[in-house]
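The next block is data-v3.pdb, given as PDB, C-alpha atoms and all ligand atoms.
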ATOM      1  CA  MET I   2      -3.360  31.639  17.471
ATOM      2  CA  VAL I   3      -4.959  30.498  14.216
ATOM      3  CA  VAL I   4      -4.675  33.092  11.473
ATOM      4  CA  ALA I   5      -5.000  31.068   8.254
ATOM      5  CA  LEU I   6      -7.155  28.343   6.762
ATOM      6  CA  ILE I   7      -5.446  26.029   4.263
ATOM      7  CA  PHE I   8      -7.798  24.244   1.888
ATOM      8  CA  ASP I   9      -7.439  21.074  -0.113
ATOM      9  CA  VAL I  10      -9.191  21.352  -3.511
ATOM     10  CA  ASP I  11     -10.298  17.960  -4.877
ATOM     11  CA  GLY I  12     -13.141  16.647  -2.742
ATOM     12  CA  THR I  13     -12.970  19.596  -0.321
ATOM     13  CA  LEU I  14     -13.722  22.791  -2.239
ATOM     14  CA  ALA I  15     -15.714  20.781  -4.785
ATOM     15  CA  GLU I  16     -16.683  17.234  -5.706
ATOM     16  CA  THR I  17     -14.194  17.201  -8.562
ATOM     17  CA  GLU I  18     -13.216  13.554  -8.781
ATOM     18  CA  GLU I  19     -16.061  12.401 -11.028
ATOM     19  CA  ALA I  20     -15.072  15.105 -13.544
ATOM     20  CA  HIS I  21     -11.433  13.962 -13.249
ATOM     21  CA  ARG I  22     -12.485  10.321 -13.852
ATOM     22  CA  VAL I  23     -14.592  11.109 -16.918
ATOM     23  CA  SER I  24     -11.778  13.284 -18.297
ATOM     24  CA  PHE I  25      -9.207  10.512 -17.805
ATOM     25  CA  ASN I  26     -11.472   8.104 -19.708
ATOM     26  CA  ALA I  27     -12.029  10.614 -22.525
ATOM     27  CA  ALA I  28      -8.256  11.158 -22.826
ATOM     28  CA  PHE I  29      -7.708   7.390 -22.994
ATOM     29  CA  ALA I  30     -10.346   7.047 -25.735
ATOM     30  CA  ASP I  31      -8.892   9.985 -27.706
ATOM     31  CA  ALA I  32      -5.505   8.226 -27.627
ATOM     32  CA  GLY I  33      -7.052   5.016 -28.962
ATOM     33  CA  LEU I  34      -6.560   3.152 -25.671
ATOM     34  CA  ASP I  35      -9.209   0.751 -24.438
ATOM     35  CA  TRP I  36      -8.694   1.719 -20.783
ATOM     36  CA  ALA I  37     -11.893   2.689 -18.969
ATOM     37  CA  TRP I  38     -11.983   3.444 -15.254
ATOM     38  CA  SER I  39     -15.294   2.612 -13.554
ATOM     39  CA  GLN I  40     -16.302   4.444 -10.393
ATOM     40  CA  SER I  41     -15.206   1.517  -8.260
ATOM     41  CA  ASP I  42     -11.876   1.231 -10.151
ATOM     42  CA  TYR I  43     -11.391   4.935  -9.556
ATOM     43  CA  GLN I  44     -12.169   4.695  -5.844
ATOM     44  CA  ASN I  45      -9.256   2.258  -5.528
ATOM     45  CA  LEU I  46      -7.010   4.276  -7.829
ATOM     46  CA  LEU I  47      -7.555   7.400  -5.717
ATOM     47  CA  ARG I  48      -5.255   5.868  -3.124
ATOM     48  CA  ILE I  49      -2.518   7.033  -5.494
ATOM     49  CA  THR I  50      -2.503  10.838  -5.502
ATOM     50  CA  GLY I  51      -1.682  12.725  -8.684
ATOM     51  CA  GLY I  52      -3.022  11.944 -12.133
ATOM     52  CA  LYS I  53       0.326  10.958 -13.677
ATOM     53  CA  GLU I  54       1.242   8.761 -10.704
ATOM     54  CA  ARG I  55      -2.237   7.189 -10.851
ATOM     55  CA  MET I  56      -1.814   6.258 -14.531
ATOM     56  CA  LEU I  57       1.653   4.808 -13.889
ATOM     57  CA  HIS I  58       0.264   2.711 -11.045
ATOM     58  CA  TYR I  59      -2.549   1.497 -13.313
ATOM     59  CA  ILE I  60      -0.106   0.548 -16.059
ATOM     60  CA  GLU I  61       2.134  -1.299 -13.633
ATOM     61  CA  SER I  62      -0.586  -3.066 -11.657
ATOM     62  CA  CYS I  63      -2.925  -3.992 -14.517
ATOM     63  CA  GLY I  64      -0.319  -4.777 -17.135
ATOM     64  CA  ALA I  65      -1.866  -2.138 -19.411
ATOM     65  CA  ALA I  66      -0.213  -2.222 -22.830
ATOM     66  CA  LEU I  67       2.414   0.521 -23.096
ATOM     67  CA  PRO I  68       6.042  -0.293 -23.877
ATOM     68  CA  PRO I  69       8.219   0.740 -20.859
ATOM     69  CA  GLY I  70      10.327   3.047 -23.068
ATOM     70  CA  GLU I  71       7.250   5.045 -24.082
ATOM     71  CA  ARG I  72       5.575   5.253 -20.719
ATOM     72  CA  ASP I  73       6.821   8.625 -19.547
ATOM     73  CA  ASN I  74       5.988  10.449 -22.760
ATOM     74  CA  ALA I  75       2.636   8.710 -23.103
ATOM     75  CA  ILE I  76       1.674   9.481 -19.499
ATOM     76  CA  HIS I  77       2.597  13.145 -19.873
ATOM     77  CA  ALA I  78       0.655  13.443 -23.147
ATOM     78  CA  LEU I  79      -2.401  11.718 -21.656
ATOM     79  CA  HIS I  80      -2.246  13.935 -18.594
ATOM     80  CA  ARG I  81      -2.009  17.122 -20.670
ATOM     81  CA  ARG I  82      -5.057  16.035 -22.667
ATOM     82  CA  LYS I  83      -6.952  15.028 -19.526
ATOM     83  CA  THR I  84      -6.144  18.367 -17.885
ATOM     84  CA  ARG I  85      -7.510  20.286 -20.905
ATOM     85  CA  LEU I  86     -10.693  18.187 -20.948
ATOM     86  CA  TYR I  87     -11.161  18.601 -17.187
ATOM     87  CA  ALA I  88     -10.629  22.371 -17.283
ATOM     88  CA  ALA I  89     -13.212  22.635 -20.093
ATOM     89  CA  ARG I  90     -15.748  20.786 -17.950
ATOM     90  CA  VAL I  91     -15.053  23.058 -15.018
ATOM     91  CA  ALA I  92     -15.274  26.169 -17.224
ATOM     92  CA  ALA I  93     -18.646  24.900 -18.529
ATOM     93  CA  GLY I  94     -19.962  24.973 -14.960
ATOM     94  CA  ASP I  95     -20.118  21.192 -14.453
ATOM     95  CA  VAL I  96     -18.227  21.338 -11.134
ATOM     96  CA  PRO I  97     -19.849  23.612  -8.537
ATOM     97  CA  LEU I  98     -18.323  24.294  -5.125
ATOM     98  CA  ARG I  99     -19.584  22.166  -2.241
ATOM     99  CA  PRO I 100     -22.487  23.748  -0.340
ATOM    100  CA  GLY I 101     -21.246  26.197   2.280
ATOM    101  CA  ILE I 102     -17.754  26.599   0.810
ATOM    102  CA  GLU I 103     -18.317  29.971  -0.846
ATOM    103  CA  THR I 104     -19.818  31.380   2.350
ATOM    104  CA  LEU I 105     -16.932  29.987   4.377
ATOM    105  CA  LEU I 106     -14.323  31.534   2.069
ATOM    106  CA  ARG I 107     -16.042  34.920   1.902
ATOM    107  CA  THR I 108     -16.763  35.111   5.619
ATOM    108  CA  ALA I 109     -13.277  33.972   6.581
ATOM    109  CA  ARG I 110     -11.887  36.817   4.488
ATOM    110  CA  ASP I 111     -14.309  39.274   6.100
ATOM    111  CA  TYR I 112     -12.992  38.192   9.503
ATOM    112  CA  GLY I 113      -9.422  38.745   8.354
ATOM    113  CA  PHE I 114      -8.242  35.146   8.062
ATOM    114  CA  LYS I 115      -5.645  34.422   5.442
ATOM    115  CA  LEU I 116      -6.641  31.739   2.924
ATOM    116  CA  ALA I 117      -4.337  29.236   1.236
ATOM    117  CA  ILE I 118      -4.527  26.134  -0.940
ATOM    118  CA  ALA I 119      -2.495  22.928  -0.637
ATOM    119  CA  THR I 120      -3.493  20.512  -3.380
ATOM    120  CA  THR I 121      -2.217  17.619  -5.451
ATOM    121  CA  THR I 122      -3.840  18.778  -8.638
ATOM    122  CA  SER I 123      -2.451  21.108 -11.313
ATOM    123  CA  ARG I 124      -2.538  24.905 -11.057
ATOM    124  CA  SER I 125      -4.643  25.310 -14.212
ATOM    125  CA  ASN I 126      -7.345  23.142 -12.616
ATOM    126  CA  VAL I 127      -7.365  25.287  -9.469
ATOM    127  CA  ASP I 128      -7.559  28.500 -11.506
ATOM    128  CA  ALA I 129     -10.469  27.163 -13.586
ATOM    129  CA  LEU I 130     -12.413  26.073 -10.500
ATOM    130  CA  LEU I 131     -11.961  29.377  -8.675
ATOM    131  CA  ALA I 132     -12.587  31.627 -11.694
ATOM    132  CA  THR I 133     -15.696  29.760 -12.851
ATOM    133  CA  ASN I 134     -17.332  29.533  -9.443
ATOM    134  CA  LEU I 135     -16.128  32.679  -7.685
ATOM    135  CA  GLY I 136     -15.003  35.076 -10.433
ATOM    136  CA  GLN I 137     -11.712  35.963 -12.088
ATOM    137  CA  ASP I 138     -10.293  37.754  -9.048
ATOM    138  CA  ALA I 139     -10.864  34.864  -6.615
ATOM    139  CA  VAL I 140      -7.374  33.494  -7.170
ATOM    140  CA  ASP I 141      -6.130  36.650  -5.416
ATOM    141  CA  TRP I 142      -8.044  35.739  -2.264
ATOM    142  CA  PHE I 143      -5.367  33.132  -1.549
ATOM    143  CA  SER I 144      -2.036  34.149  -0.038
ATOM    144  CA  ALA I 145      -0.488  30.847  -1.152
ATOM    145  CA  ILE I 146      -1.536  28.277  -3.750
ATOM    146  CA  VAL I 147       0.686  25.209  -3.661
ATOM    147  CA  CYS I 148       0.116  22.425  -6.202
ATOM    148  CA  GLY I 149       1.481  18.895  -6.448
ATOM    149  CA  ASP I 150       3.924  19.597  -9.257
ATOM    150  CA  MET I 151       5.567  22.409  -7.256
ATOM    151  CA  VAL I 152       6.994  20.040  -4.620
ATOM    152  CA  ALA I 153       9.045  16.840  -4.548
ATOM    153  CA  ARG I 154       6.462  14.522  -3.023
ATOM    154  CA  LYS I 155       2.675  14.505  -3.323
ATOM    155  CA  LYS I 156       0.231  13.775  -0.481
ATOM    156  CA  PRO I 157       0.301  11.902   1.888
ATOM    157  CA  ALA I 158       3.764  13.496   2.180
ATOM    158  CA  PRO I 159       3.622  16.876   3.960
ATOM    159  CA  ASP I 160       5.403  18.809   1.153
ATOM    160  CA  VAL I 161       2.484  20.927  -0.140
ATOM    161  CA  TYR I 162       1.588  21.965   3.416
ATOM    162  CA  GLU I 163       5.191  22.716   4.361
ATOM    163  CA  GLU I 164       5.555  24.849   1.247
ATOM    164  CA  ALA I 165       2.296  26.680   2.036
ATOM    165  CA  LEU I 166       3.558  27.416   5.576
ATOM    166  CA  ARG I 167       6.848  28.685   4.149
ATOM    167  CA  ILE I 168       5.065  31.056   1.752
ATOM    168  CA  LEU I 169       2.624  32.196   4.444
ATOM    169  CA  ARG I 170       5.501  32.578   6.962
ATOM    170  CA  LEU I 171       3.345  30.850   9.561
ATOM    171  CA  ARG I 172       3.890  28.064  12.080
ATOM    172  CA  PRO I 173       1.728  24.928  11.809
ATOM    173  CA  ASP I 174      -0.239  25.872  14.948
ATOM    174  CA  GLU I 175      -1.234  29.172  13.339
ATOM    175  CA  THR I 176      -3.187  27.332  10.644
ATOM    176  CA  ILE I 177      -6.007  24.832  10.217
ATOM    177  CA  ALA I 178      -6.219  22.470   7.235
ATOM    178  CA  ILE I 179      -9.524  21.431   5.682
ATOM    179  CA  GLU I 180      -9.258  18.056   3.952
ATOM    180  CA  ASP I 181     -11.539  15.294   2.669
ATOM    181  CA  SER I 182      -9.357  12.178   2.448
ATOM    182  CA  TRP I 183      -6.916   9.928   4.301
ATOM    183  CA  ASN I 184      -4.075  11.083   2.054
ATOM    184  CA  GLY I 185      -4.889  14.724   2.738
ATOM    185  CA  VAL I 186      -5.297  14.322   6.487
ATOM    186  CA  GLN I 187      -1.937  12.514   6.691
ATOM    187  CA  ALA I 188      -0.221  15.237   4.655
ATOM    188  CA  ALA I 189      -1.446  18.038   6.922
ATOM    189  CA  ARG I 190      -0.816  16.115  10.149
ATOM    190  CA  SER I 191       2.723  15.240   9.021
ATOM    191  CA  ALA I 192       3.275  18.975   8.624
ATOM    192  CA  GLY I 193       2.025  19.456  12.197
ATOM    193  CA  ILE I 194      -1.254  21.106  11.210
ATOM    194  CA  ALA I 195      -4.585  20.359  12.920
ATOM    195  CA  VAL I 196      -7.184  19.162  10.436
ATOM    196  CA  VAL I 197     -10.920  19.458  10.011
ATOM    197  CA  ALA I 198     -11.978  16.560   7.792
ATOM    198  CA  THR I 199     -15.025  16.825   5.572
ATOM    199  CA  PRO I 200     -15.469  13.504   3.748
ATOM    200  CA  SER I 201     -16.460  13.664   0.071
ATOM    201  CA  LEU I 202     -18.272  11.223  -2.232
ATOM    202  CA  TYR I 203     -15.126   9.280  -3.115
ATOM    203  CA  SER I 204     -13.502   9.518   0.340
ATOM    204  CA  ALA I 205     -16.563   8.638   2.422
ATOM    205  CA  ASP I 206     -14.949   5.341   3.523
ATOM    206  CA  ASP I 207     -11.505   6.815   4.246
ATOM    207  CA  ASP I 208     -10.106   6.652   7.769
ATOM    208  CA  VAL I 209      -9.862  10.293   8.851
ATOM    209  CA  SER I 210      -9.456   9.545  12.547
ATOM    210  CA  ASP I 211      -6.242  11.584  12.689
ATOM    211  CA  ALA I 212      -8.311  14.708  12.047
ATOM    212  CA  ALA I 213      -9.119  16.821  15.101
ATOM    213  CA  ALA I 214     -12.702  17.095  13.936
ATOM    214  CA  VAL I 215     -14.957  15.716  11.238
ATOM    215  CA  VAL I 216     -17.767  17.817   9.799
ATOM    216  CA  THR I 217     -20.355  16.185   7.634
ATOM    217  CA  ASP I 218     -22.844  18.838   6.697
ATOM    218  CA  SER I 219     -22.599  22.231   5.128
ATOM    219  CA  LEU I 220     -23.814  23.999   8.261
ATOM    220  CA  CYS I 221     -20.596  22.897   9.884
ATOM    221  CA  PHE I 222     -18.551  25.010   7.518
ATOM    222  CA  HIS I 223     -19.772  27.981   9.546
ATOM    223  CA  ALA I 224     -18.580  26.058  12.553
ATOM    224  CA  ILE I 225     -15.064  25.884  11.166
ATOM    225  CA  LEU I 226     -15.010  29.643  11.035
ATOM    226  CA  GLY I 227     -16.467  30.000  14.487
ATOM    227  CA  LEU I 228     -13.889  27.732  16.013
ATOM    228  CA  ALA I 229     -11.060  29.354  14.084
ATOM    229  CA  ARG I 230     -12.159  32.679  15.602
ATOM    230  CA  LYS I 231     -12.268  31.053  19.013
ATOM    231  CA  LEU I 232      -8.760  29.741  18.546
ATOM    232  CA  ARG I 233      -7.737  33.252  17.543
ATOM    233  CA  GLY I 234      -8.885  34.340  20.967
ATOM    234  CA  GLU I 235     -12.098  36.076  19.936
ATOM    235  CA  ARG I 236     -15.461  35.582  21.570
ATOM    236  CA  ALA I 237     -17.358  32.936  19.608
ATOM    237  CA  GLY I 238     -19.730  34.523  17.128
ATOM    238  CA  ALA I 239     -23.440  33.890  16.893
ATOM    239  CA  GLY I 240     -22.709  31.451  14.073
ATOM    240  CA  LEU I 241     -21.209  28.953  16.495
ATOM    241  CA  VAL I 242     -24.444  27.186  17.370
ATOM    242  CA  HIS I 243     -24.229  23.841  15.626
ATOM    243  CA  PRO I 244     -23.566  21.033  18.156
ATOM    244  CA  ASP I 245     -20.864  19.531  15.922
ATOM    245  CA  ALA I 246     -19.235  22.934  15.926
ATOM    246  CA  ARG I 247     -18.758  22.881  19.665
ATOM    247  CA  ASN I 248     -17.293  19.362  19.486
ATOM    248  CA  ALA I 249     -15.016  20.409  16.658
ATOM    249  CA  GLY I 250     -13.931  23.480  18.595
ATOM    250  CA  GLU I 251     -12.986  21.453  21.657
ATOM    251  CA  ALA I 252     -11.172  18.838  19.555
ATOM    252  CA  LEU I 253      -9.164  21.460  17.721
ATOM    253  CA  LYS I 254      -8.293  23.234  20.951
ATOM    254  CA  GLU I 255      -6.955  19.946  22.330
ATOM    255  CA  ALA I 256      -5.032  19.292  19.114
ATOM    256  CA  GLY I 257      -3.466  22.744  19.374
ATOM    257  CA  SER I 258      -2.586  22.493  23.070
TER
HETATM  258  C1  LIG A 301      -6.476  14.820  -5.452
HETATM  259  C2  LIG A 301      -5.782  14.026  -6.479
HETATM  260  C3  LIG A 301      -5.659  14.512  -7.822
HETATM  261  C4  LIG A 301      -6.813  14.532  -8.769
HETATM  262  C5  LIG A 301      -6.274  14.737 -10.177
HETATM  263  O1  LIG A 301      -5.828  14.644  -4.196
HETATM  264  O2  LIG A 301      -5.253  12.994  -6.210
HETATM  265  O3  LIG A 301      -4.739  13.651  -8.388
HETATM  266  O4  LIG A 301      -7.498  13.299  -8.719
HETATM  267  O5  LIG A 301      -5.275  15.670 -10.227
HETATM  268  P1  LIG A 301      -5.983  15.702  -3.024
HETATM  269  P2  LIG A 301      -4.211  15.752 -11.465
HETATM  270  O6  LIG A 301      -7.399  16.176  -3.019
HETATM  271  O7  LIG A 301      -5.655  14.914  -1.775
HETATM  272  O8  LIG A 301      -5.009  16.840  -3.246
HETATM  273  O9  LIG A 301      -4.669  14.829 -12.548
HETATM  274  O10 LIG A 301      -4.210  17.197 -11.883
HETATM  275  O11 LIG A 301      -2.864  15.324 -10.915
HETATM  276 MG    MG A 302      -8.911  15.925  -1.536
END
Just give me the structure of the file as structure tokens.
Amino acid sequence: MVVALIFDVDGTLAETEEAHRVSFNAAFADAGLDWAWSQSDYQNLLRITGGKERMLHYIESCGAALPPGERDNAIHALHRRKTRLYAARVAAGDVPLRPGIETLLRTARDYGFKLAIATTTSRSNVDALLATNLGQDAVDWFSAIVCGDMVARKKPAPDVYEEALRILRLRPDETIAIEDSWNGVQAARSAGIAVVATPSLYSADDDVSDAAAVVTDSLCFHAILGLARKLRGERAGAGLVHPDARNAGEALKEAGS
């Protein structure tokens, strides 16, 4: 029986990646570096999850000028600066939630589902996104918030999902993950959790075929709730009318059986 929804953040709750990209570039410029990530550069770089890991990959693959002995410190300093710049953008209201997400979160709570977060990004970024878009108390809506730096391995490893399950004291089949990318879908599946994929701007070309269902429009967020209720053994609500919802419901039932 499904009792909790576990959400990814970047690309799923909000289209955050453009704000991350611009903040990386601003941090590079502030540090006097001539690195500049275009949107197409960034699409490729997103294969590496985690901002620090992404910068290290860039340095190693592009021969960017940083003496090996200074890399760790430089990467940490750049990431701290980037995180401050990103949080300021979020706090200024530049990063709204994706359409349908607020309704999904509020309605899921009304129906008694637990909510959780399993994300690669830093906790301060999650707090800024929730507080700015949903109010200061929204962080308390989530029974578990697991971030990349709290676990050994970032997505596509299952660590953030396994840690969320541990905190929630739930089995994988008692939860559904909502993810936007290949890395995220793999992470949840490796933890044994059925996934609803909702591709984002930067992950539109990702292979999410390991997801039980793919929803592509905001109406379908209501569907996620309807099918979660179905899986909980309740009669489907009136909200479960979208054709994709029925397909998603069947797919998730199969994934859970
Ligand atoms: C998102 C990420 C993150 C953000 C930046 O992955 O990979 O790295 O781009 O986050 P997912 P930080 O949505 O699969 O969790 O710079 O804070 O690491
Ligand atoms: Mg994501």
Practice task
Using all atoms listed in the file, determine which residues lie at most 8 Å from range 189-201 of chain I, disregarding the query and same-chain residues fewer than 2 positions distant; provide the list as a PyMOL selection string.
Solution key: chain I and resi 12-13+16+158-160+162-163+173-174+176-182+185-187+203-205+207+209+211-217+225+249+253+256-257
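Taking CA of Val96 in chain I and CA of Leu169 in chain I as the two end points, the separation is 28.2 Å.
Summary of the local environment: counting only C-alpha atoms, residues at most 12 Å from Asn45 in chain I, other than itself and those fewer than 2 positions away along its chain, are Trp38, Ser39, Gln40, Ser41, Asp42, Tyr43, Leu47, Arg48, Ile49, Thr50, Arg55, His58, Tyr59, Ser62, Tyr203, Ser204, Asp206 and Asp207 of chain I.
Proximity ranking of I:Val91, I:Ala30, I:Ile118, I:Met151 relative to ligand MG 302 (chain A) places I:Ile118 first, based on all atoms listed in the file.
Restricting the calculation to all atoms listed in the file, the smallest distance between ligand LIG 301 (chain A) and any of I:Val147, I:Leu34, I:Ala89, I:Leu6 is found for I:Val147.
Near ligand LIG 301 (chain A), the residues found within 7 Å are Asp9, Val10, Asp11, Gly12, Glu18, His21, Leu47, Ile49, Thr50, Gly51, Gly52, Lys53, His80, Thr84, Thr120, Thr121, Thr122, Ser123, Asn126, Lys156, Ser182, Asn184 and Gly185 of chain I (criterion computed using only C-alpha atoms and all ligand atoms).
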Exercise for the section: Could you list the residues chosen by the PyMOL selection byres (((chain I and resi 93) around 12) and not hetatm) in this structure as a PyMOL selection string? Expected result: chain I and resi 20+86-92+94-97+129-130+132-134
Practice task
Name the residues that the PyMOL selection byres (((chain I and resi 99) around 7) and not hetatm) picks from the file above, as a PyMOL selection string, using the file's chain letters and numbers.
Solution key: chain I and resi 14-16+97-98+100-102
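Going from CA of Ala119 in chain I to CA of Ala188 in chain I covers 9.6 Å.
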Could you work out an axis-aligned box for range 148-155 of chain I, taking every atom the file lists and adding 8 Å on each side, and report centre and edge lengths in Å to one decimal, as lines of an AutoDock Vina configuration file?
center_x = 4.6
center_y = 18.5
center_z = -6.1
size_x = 24.9
size_y = 23.9
size_z = 22.2
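Proximity of I:Met2, I:Met56, I:Ala28, I:Ala117 to Arg81 in chain I, computed with all atoms listed in the file, is greatest for I:Ala28.
What separates CA of Thr108 in chain I from CA of Val127 in chain I is a distance of 20.3 Å.
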Problem - Best match for closeness to Glu54 in chain I among I:Asp111, I:Asp73, I:Asp208, I:Asp141, counting only C-alpha atoms - result: I:Asp73
Practice task
Between I:Ala65, I:Val140, I:Ala109, I:Ala32, single out the one closest to Ala78 in chain I, counting all atoms listed in the file.
Solution key: I:Ala32
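You can rank I:Glu175, I:Leu166, I:Leu116, I:Pro157 by their closest distance to ligand MG 302 (chain A) using all atoms listed in the file, and at the top of that list sits I:Pro157.
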Exercise for the section: Could you state which residues are captured by the PyMOL selection byres (((chain I and resi 145) around 6) and not hetatm) in this file, as an MDAnalysis selection string? Expected result: chainID I and resid 117 143:144 146 165
